[in-house]
file start.csv (CSV, C-alpha atoms)
chain,number,residue,atom,x,y,z
A,1,MET,CA,11.1,-4.9,-11.0
A,2,VAL,CA,8.8,-2.1,-10.2
A,3,LYS,CA,6.7,-1.3,-7.0
A,4,PHE,CA,3.0,-0.9,-7.8
A,5,VAL,CA,0.9,0.0,-4.7
A,6,LEU,CA,-2.8,-0.2,-4.4
A,7,LEU,CA,-4.6,1.6,-1.6
A,8,ARG,CA,-8.3,1.4,-0.9
A,9,HIS,CA,-9.6,4.7,0.6
A,10,GLY,CA,-10.0,4.9,4.4
A,11,GLU,CA,-13.3,4.1,6.1
A,12,SER,CA,-16.0,6.3,4.7
A,13,LEU,CA,-19.2,7.4,6.5
A,14,TRP,CA,-21.2,4.9,4.5
A,15,ASN,CA,-18.7,2.1,5.1
A,16,LYS,CA,-19.3,2.8,8.8
A,17,GLU,CA,-23.1,2.8,8.4
A,18,LYS,CA,-22.9,-0.3,6.1
A,19,LYS,CA,-24.5,1.3,3.1
A,20,PHE,CA,-24.0,0.8,-0.6
A,21,THR,CA,-22.0,3.8,-1.8
A,22,GLY,CA,-21.0,3.5,-5.4
A,23,TRP,CA,-20.5,6.9,-7.2
A,24,THR,CA,-22.1,8.8,-4.3
A,25,ASP,CA,-19.4,11.2,-3.1
A,26,ILE,CA,-19.2,10.3,0.6
A,27,ASP,CA,-16.4,11.6,2.8
A,28,LEU,CA,-14.1,9.8,5.2
A,29,THR,CA,-14.7,9.2,8.9
A,30,GLU,CA,-12.2,10.3,11.4
A,31,LYS,CA,-11.1,6.6,11.5
A,32,GLY,CA,-10.8,6.7,7.7
A,33,ILE,CA,-8.5,9.8,7.9
A,34,GLU,CA,-6.3,8.1,10.5
A,35,GLU,CA,-6.2,4.9,8.3
A,36,ALA,CA,-4.9,7.0,5.4
A,37,LYS,CA,-2.3,8.7,7.5
A,38,ILE,CA,-1.1,5.3,8.9
A,39,ALA,CA,-0.9,4.0,5.4
A,40,GLY,CA,1.4,6.9,4.5
A,41,ARG,CA,3.6,6.3,7.5
A,42,MET,CA,3.9,2.6,6.6
A,43,LEU,CA,4.9,3.4,3.0
A,44,LYS,CA,7.4,6.0,4.3
A,45,LYS,CA,8.9,3.4,6.6
A,46,GLU,CA,9.2,1.0,3.6
A,47,GLY,CA,11.3,3.7,1.9
A,48,ILE,CA,9.0,3.8,-1.1
A,49,ARG,CA,9.2,7.0,-3.3
A,50,PHE,CA,6.5,7.3,-5.9
A,51,ASP,CA,6.9,8.8,-9.3
A,52,ILE,CA,3.2,9.2,-10.1
A,53,ALA,CA,-0.2,8.6,-8.4
A,54,TYR,CA,-3.7,7.9,-9.8
A,55,THR,CA,-7.1,8.3,-8.1
A,56,SER,CA,-10.8,8.6,-8.8
A,57,PHE,CA,-13.1,11.6,-9.0
A,58,LEU,CA,-14.5,10.8,-5.5
A,59,LYS,CA,-13.4,12.7,-2.4
A,60,ARG,CA,-12.9,9.6,-0.2
A,61,ALA,CA,-10.2,8.4,-2.5
A,62,ILE,CA,-8.7,11.8,-3.3
A,63,ARG,CA,-8.4,12.7,0.4
A,64,THR,CA,-7.0,9.3,1.3
A,65,LEU,CA,-4.3,9.9,-1.3
A,66,ASN,CA,-3.5,13.4,-0.1
A,67,PHE,CA,-3.3,12.3,3.6
A,68,ALA,CA,-1.0,9.4,2.7
A,69,LEU,CA,1.2,11.5,0.5
A,70,GLU,CA,1.4,14.2,3.1
A,71,GLU,CA,2.7,11.7,5.6
A,72,MET,CA,5.4,10.6,3.1
A,73,ASP,CA,6.3,14.3,2.2
A,74,GLN,CA,5.4,13.4,-1.4
A,75,LEU,CA,2.5,15.8,-2.1
A,76,TRP,CA,4.5,17.2,-4.9
A,77,ILE,CA,4.3,14.2,-7.2
A,78,PRO,CA,2.0,14.2,-10.3
A,79,VAL,CA,-1.5,13.0,-9.5
A,80,LEU,CA,-3.9,12.0,-12.3
A,81,LYS,CA,-7.7,11.8,-11.5
A,82,THR,CA,-10.0,9.7,-13.6
A,83,TRP,CA,-13.7,8.7,-13.4
A,84,ARG,CA,-12.6,5.3,-14.7
A,85,LEU,CA,-11.2,4.6,-11.2
A,86,ASN,CA,-14.5,5.4,-9.5
A,87,GLU,CA,-16.2,2.8,-7.4
A,88,ARG,CA,-18.5,0.3,-9.1
A,89,HIS,CA,-21.9,2.0,-9.5
A,90,TYR,CA,-24.5,0.3,-7.3
A,91,GLY,CA,-27.5,1.8,-9.0
A,92,ALA,CA,-30.7,2.1,-7.0
A,93,LEU,CA,-28.9,0.5,-4.0
A,94,GLN,CA,-26.7,3.5,-3.4
A,95,GLY,CA,-27.4,4.9,0.0
A,96,VAL,CA,-29.4,1.8,1.1
A,97,SER,CA,-28.4,-0.2,4.1
A,98,LYS,CA,-26.8,-3.6,3.3
A,99,ILE,CA,-28.3,-5.1,6.4
A,100,GLU,CA,-31.8,-3.9,5.5
A,101,MET,CA,-31.4,-5.3,2.0
A,102,THR,CA,-30.2,-8.6,3.5
A,103,GLU,CA,-33.2,-8.8,5.8
A,104,LYS,CA,-35.5,-8.0,2.9
A,105,HIS,CA,-34.0,-10.0,0.0
A,106,GLY,CA,-31.8,-12.6,1.8
A,107,GLU,CA,-28.1,-12.9,2.3
A,108,GLU,CA,-27.5,-14.9,-0.9
A,109,GLN,CA,-29.2,-12.2,-3.2
A,110,VAL,CA,-27.3,-9.4,-1.5
A,111,LYS,CA,-24.0,-11.3,-1.9
A,112,ILE,CA,-24.8,-11.7,-5.6
A,113,TRP,CA,-25.3,-7.9,-5.9
A,114,ARG,CA,-22.1,-7.2,-4.0
A,115,ARG,CA,-19.7,-9.8,-5.2
A,116,SER,CA,-20.9,-11.6,-8.4
A,117,TYR,CA,-18.9,-10.8,-11.5
A,118,ASP,CA,-21.7,-10.1,-14.1
A,119,VAL,CA,-24.9,-9.4,-12.2
A,120,ARG,CA,-26.0,-5.8,-11.9
A,121,PRO,CA,-28.0,-4.4,-9.0
A,122,PRO,CA,-31.3,-2.6,-9.8
A,123,ALA,CA,-30.7,0.4,-12.0
A,124,LEU,CA,-31.3,4.1,-11.3
A,125,THR,CA,-33.5,6.2,-13.6
A,126,LYS,CA,-32.5,9.5,-15.1
A,127,ASP,CA,-35.1,11.3,-13.0
A,128,ASP,CA,-33.5,10.0,-9.8
A,129,GLU,CA,-31.7,12.7,-7.7
A,130,ARG,CA,-28.8,10.2,-7.4
A,131,TYR,CA,-28.2,10.1,-11.2
A,132,GLU,CA,-24.8,11.6,-11.9
A,133,GLY,CA,-25.7,13.0,-15.4
A,134,ASN,CA,-26.1,16.5,-14.0
A,135,ASP,CA,-22.8,16.4,-11.9
A,136,PRO,CA,-20.3,18.8,-13.5
A,137,ARG,CA,-17.4,16.5,-12.8
A,138,TYR,CA,-18.8,14.2,-15.5
A,139,ALA,CA,-19.7,16.9,-18.0
A,140,ASP,CA,-17.2,15.6,-20.5
A,141,LEU,CA,-18.6,12.0,-20.5
A,142,LYS,CA,-20.9,10.7,-23.2
A,143,GLU,CA,-24.4,9.9,-21.9
A,144,ASN,CA,-23.8,6.2,-22.4
A,145,GLU,CA,-20.6,6.4,-20.3
A,146,ILE,CA,-22.6,7.5,-17.2
A,147,PRO,CA,-23.8,4.3,-15.6
A,148,MET,CA,-27.2,3.6,-14.1
A,149,THR,CA,-25.8,0.5,-12.5
A,150,GLU,CA,-22.8,-1.7,-12.9
A,151,SER,CA,-21.6,-5.2,-12.4
A,152,LEU,CA,-17.9,-5.9,-11.6
A,153,LYS,CA,-17.6,-6.9,-15.2
A,154,ASP,CA,-18.7,-3.5,-16.2
A,155,SER,CA,-16.2,-1.9,-13.9
A,156,VAL,CA,-13.4,-4.0,-15.5
A,157,ALA,CA,-14.5,-2.9,-19.0
A,158,ARG,CA,-14.5,0.7,-17.8
A,159,PHE,CA,-11.1,0.7,-16.1
A,160,MET,CA,-8.9,-1.8,-17.9
A,161,PRO,CA,-8.5,0.2,-21.2
A,162,TYR,CA,-7.3,3.2,-19.0
A,163,TYR,CA,-4.9,0.9,-17.3
A,164,LYS,CA,-3.5,-0.5,-20.5
A,165,GLU,CA,-3.3,2.9,-22.3
A,166,GLU,CA,-2.3,5.2,-19.4
A,167,ILE,CA,-0.9,3.3,-16.4
A,168,PHE,CA,0.9,0.3,-17.9
A,169,PRO,CA,3.2,2.5,-20.0
A,170,GLN,CA,4.4,3.9,-16.7
A,171,VAL,CA,5.1,0.4,-15.5
A,172,LYS,CA,7.2,-0.3,-18.6
A,173,LYS,CA,9.2,2.9,-17.8
A,174,GLN,CA,9.9,1.4,-14.4
A,175,LYS,CA,8.0,4.1,-12.6
A,176,THR,CA,6.9,3.5,-9.0
A,177,ILE,CA,3.1,3.9,-8.9
A,178,LEU,CA,0.4,4.5,-6.3
A,179,ILE,CA,-3.3,4.0,-7.0
A,180,ALA,CA,-5.7,5.2,-4.4
A,181,ALA,CA,-9.2,4.1,-5.3
A,182,HIS,CA,-12.1,1.9,-4.2
A,183,GLY,CA,-12.9,-1.7,-3.3
A,184,ASN,CA,-14.3,-2.7,-6.7
A,185,SER,CA,-12.1,-0.6,-9.0
A,186,LEU,CA,-9.1,-2.2,-7.2
A,187,ARG,CA,-10.7,-5.6,-7.4
A,188,ALA,CA,-10.9,-5.1,-11.2
A,189,LEU,CA,-7.2,-4.5,-11.3
A,190,VAL,CA,-6.3,-7.3,-8.9
A,191,LYS,CA,-8.4,-9.7,-11.1
A,192,HIS,CA,-6.1,-8.7,-14.0
A,193,LEU,CA,-2.8,-8.7,-12.1
A,194,ASP,CA,-3.5,-12.1,-10.4
A,195,ASN,CA,-5.3,-13.6,-13.4
A,196,ILE,CA,-8.3,-14.5,-11.2
A,197,GLY,CA,-11.3,-16.2,-12.7
A,198,ASP,CA,-14.7,-14.7,-12.9
A,199,ASN,CA,-16.1,-16.9,-10.2
A,200,GLU,CA,-13.1,-16.7,-7.9
A,201,ILE,CA,-13.0,-12.9,-7.8
A,202,ALA,CA,-16.2,-13.0,-5.7
A,203,HIS,CA,-14.1,-14.2,-2.7
A,204,VAL,CA,-11.6,-11.3,-2.9
A,205,ASN,CA,-12.1,-8.5,-0.4
A,206,ILE,CA,-9.8,-5.5,-0.1
A,207,PRO,CA,-9.7,-3.7,3.3
A,208,THR,CA,-9.7,0.0,3.7
A,209,GLY,CA,-6.6,2.0,4.3
A,210,ILE,CA,-4.0,-0.9,4.1
A,211,PRO,CA,-1.4,-0.7,1.3
A,212,LEU,CA,-1.3,-3.7,-1.0
A,213,ILE,CA,2.1,-3.9,-2.7
A,214,TYR,CA,2.8,-5.6,-6.0
A,215,GLU,CA,6.2,-6.2,-7.5
A,216,LEU,CA,5.8,-6.3,-11.2
A,217,ASP,CA,8.3,-7.2,-14.0
A,218,GLU,CA,8.7,-5.0,-17.1
A,219,HIS,CA,5.8,-6.9,-18.7
A,220,GLY,CA,3.4,-6.1,-15.9
A,221,ILE,CA,3.5,-9.7,-14.5
A,222,ALA,CA,3.1,-9.9,-10.8
A,223,LEU,CA,6.2,-11.5,-9.2
A,224,LYS,CA,5.1,-10.9,-5.6
A,225,LYS,CA,2.3,-9.2,-3.6
A,226,TYR,CA,1.8,-8.5,0.1
A,227,TYR,CA,-0.1,-6.1,2.4
A,228,LEU,CA,1.9,-3.9,4.7
A,229,GLY,CA,1.3,-4.1,8.5
A,230,ASP,CA,0.5,-6.7,11.0
A,231,GLN,CA,-0.8,-9.7,9.0
A,232,LYS,CA,-3.3,-10.8,11.7
A,233,GLU,CA,-4.8,-7.3,11.6
A,234,VAL,CA,-4.9,-7.4,7.8
A,235,GLN,CA,-6.8,-10.6,7.8
A,236,LYS,CA,-9.2,-9.3,10.4
A,237,ALA,CA,-9.8,-6.2,8.2
A,238,ILE,CA,-10.4,-8.4,5.2
A,239,GLN,CA,-13.0,-10.4,7.2
A,240,ASN,CA,-14.7,-7.2,8.3
A,241,VAL,CA,-15.2,-6.3,4.6
A,242,ALA,CA,-16.7,-9.7,3.9
A,243,ALA,CA,-19.1,-9.4,6.8
A,244,GLN,CA,-20.5,-5.9,5.8
A,245,CYS,CA,-24.0,-7.3,5.4
A,246,LYS,CA,-24.2,-8.7,8.9
A,247,SER,CA,-25.5,-6.7,11.8

call {"tool": "encode", "arguments": {"input": "start.csv", "output": "structure tokens"}}
result
Amino acid sequence: MVKFVLLRHGESLWNKEKKFTGWTDIDLTEKGIEEAKIAGRMLKKEGIRFDIAYTSFLKRAIRTLNFALEEMDQLWIPVLKTWRLNERHYGALQGVSKIEMTEKHGEEQVKIWRRSYDVRPPALTKDDERYEGNDPRYADLKENEIPMTESLKDSVARFMPYYKEEIFPQVKKQKTILIAAHGNSLRALVKHLDNIGDNEIAHVNIPTGIPLIYELDEHGIALKKYYLGDQKEVQKAIQNVAAQCKS
């Protein structure tokens, strides 16, 4: 049995403002920093020592990982960064208020954009200043690998090959793993680990800054899962994610 820990980044500035974020590189709020530190303290209290960690190319996930590891005195462990763990790309919705979109297009349409498995939000164009094709961190990507928009299905297709080729071999070696990433890149992994259907994944919400612990066998099958912390507060945090489009 191996411990496999998922940690969504702490609250970001655009989480607080209820904006679609995606690949836009938004930083943590003070609350988000504290969430990351508390996550590290909880993991330390559990006595978990990590062998390796993975994160995205986005600062809100990277800083969350660093704050958590610092609290555990485990900043020395190997950390691998990959664009494949980036948040789902929200296309032309990035930077736009979820509440304003709800008022304009209706709650059901916005829910489809946020939570459906295979529907993409409106796409960016290459002349949009938000297009990541000119960002040096993605210089090694092929043009068709830089999204203009993504569904969760696209995020699954982007991330799961990396999981199978790079992360799962560490599971088979019985390594204890920490992944600090984003709501949708983690939902893509949760869908796989829990064998969740395409329609059912719409109802899965992952709160910021709360460690989600899986116990996996040598085949990567989930034997047990649980969030650390007060379970009433965990459920409250999950509901807050679900209600992001409400004023």

call {"tool": "residues_around", "arguments": {"input": "start.csv", "residues": "stretch 79-83 of chain A", "least_positions_apart": "5", "cutoff": "8 Å", "atoms": "all atoms listed in the file", "output": "JSON, numbers by chain"}}
result
{"A": [52, 53, 54, 55, 56, 57, 138]}

call {"tool": "residues_around", "arguments": {"input": "start.csv", "residues": "stretch 197-203 of chain A", "least_positions_apart": "5", "cutoff": "7 Å", "atoms": "all atoms listed in the file", "output": "list in words"}}
result
Arg115, Ser116, Tyr117 and Lys191 of chain A

call {"tool": "atom_distance", "arguments": {"input": "start.csv", "atom1": "atom CA of A:Gly47", "atom2": "atom CA of A:Gln174"}}
result
16.5 Å

call {"tool": "closest_residue", "arguments": {"input": "start.csv", "among": "A:Ile196, A:Ala237, A:Val204, A:Leu65", "to": "A:Arg114", "atoms": "only C-alpha atoms"}}
result
A:Val204

call {"tool": "closest_residue", "arguments": {"input": "start.csv", "among": "A:Ala36, A:Met1, A:Ala222, A:Leu43", "to": "A:Pro207", "atoms": "all atoms listed in the file"}}
result
A:Ala36

call {"tool": "closest_residue", "arguments": {"input": "start.csv", "among": "A:Leu75, A:Ala68, A:Val190, A:Ala181", "to": "A:Tyr214", "atoms": "only C-alpha atoms"}}
result
A:Val190

call {"tool": "closest_residue", "arguments": {"input": "start.csv", "among": "A:His192, A:Arg60, A:Lys225, A:Lys175", "to": "A:Trp14", "atoms": "all atoms listed in the file"}}
result
A:Arg60

call {"tool": "residues_around", "arguments": {"input": "start.csv", "residues": "A:Thr208", "least_positions_apart": "6", "cutoff": "10 Å", "atoms": "all atoms listed in the file", "output": "mmCIF file with C-alpha atoms, in the coordinates of the input"}}
result
data_model
loop_
_atom_site.group_PDB
_atom_site.id
_atom_site.type_symbol
_atom_site.label_atom_id
_atom_site.label_comp_id
_atom_site.auth_asym_id
_atom_site.auth_seq_id
_atom_site.Cartn_x
_atom_site.Cartn_y
_atom_site.Cartn_z
ATOM 1 C CA LEU A 7 -4.600 1.600 -1.600
ATOM 2 C CA ARG A 8 -8.300 1.400 -0.900
ATOM 3 C CA HIS A 9 -9.600 4.700 0.600
ATOM 4 C CA GLY A 10 -10.000 4.900 4.400
ATOM 5 C CA GLU A 11 -13.300 4.100 6.100
ATOM 6 C CA SER A 12 -16.000 6.300 4.700
ATOM 7 C CA ASN A 15 -18.700 2.100 5.100
ATOM 8 C CA GLY A 32 -10.800 6.700 7.700
ATOM 9 C CA GLU A 35 -6.200 4.900 8.300
ATOM 10 C CA ALA A 36 -4.900 7.000 5.400
ATOM 11 C CA ALA A 39 -0.900 4.000 5.400
ATOM 12 C CA THR A 64 -7.000 9.300 1.300
ATOM 13 C CA ALA A 181 -9.200 4.100 -5.300
ATOM 14 C CA HIS A 182 -12.100 1.900 -4.200
ATOM 15 C CA GLY A 183 -12.900 -1.700 -3.300
ATOM 16 C CA VAL A 234 -4.900 -7.400 7.800
ATOM 17 C CA ALA A 237 -9.800 -6.200 8.200
ATOM 18 C CA ILE A 238 -10.400 -8.400 5.200
ATOM 19 C CA ASN A 240 -14.700 -7.200 8.300
ATOM 20 C CA VAL A 241 -15.200 -6.300 4.600
#

call {"tool": "residues_around", "arguments": {"input": "start.csv", "residues": "A:Glu215", "least_positions_apart": "4", "cutoff": "12 Å", "atoms": "all atoms listed in the file", "output": "VMD selection string"}}
result
chain A and resid 1 to 6 171 174 to 177 193 to 194 219 to 227

call {"tool": "atom_distance", "arguments": {"input": "start.csv", "atom1": "atom CA of A:Phe50", "atom2": "atom CA of A:Ile38"}}
result
16.8 Å

call {"tool": "residues_near_point", "arguments": {"input": "start.csv", "point": "(-1.0, 1.2, 2.3)", "cutoff": "7 Å", "atoms": "only C-alpha atoms", "output": "PyMOL selection string"}}
result
chain A and resi 7+39-40+42-43+209-212+228

call {"tool": "closest_residue", "arguments": {"input": "start.csv", "among": "A:Val119, A:Lys19, A:Phe67, A:Ile48", "to": "A:Met101", "atoms": "all atoms listed in the file"}}
result
A:Lys19

call {"tool": "closest_residue", "arguments": {"input": "start.csv", "among": "A:Gln109, A:Thr24, A:Asn144, A:Gln244", "to": "A:Tyr131", "atoms": "all atoms listed in the file"}}
result
A:Thr24

call {"tool": "residues_near_point", "arguments": {"input": "start.csv", "point": "(-27.0, -6.8, 5.4)", "cutoff": "7 Å", "atoms": "only C-alpha atoms", "output": "number ranges by chain"}}
result
A: 97-103, 107, 244-247

call {"tool": "atom_distance", "arguments": {"input": "start.csv", "atom1": "atom CA of A:Leu186", "atom2": "atom CA of A:Asp135"}}
result
23.6 Å

call {"tool": "residues_around", "arguments": {"input": "start.csv", "residues": "A:Ala157", "least_positions_apart": "5", "cutoff": "12 Å", "atoms": "all atoms listed in the file", "output": "list in words"}}
result
Arg84, Leu85, Arg88, Tyr117, Asp118, Glu145, Glu150, Ser151, Leu152, Tyr162, Tyr163, Lys164, Ser185, Ala188, Leu189 and His192 of chain A
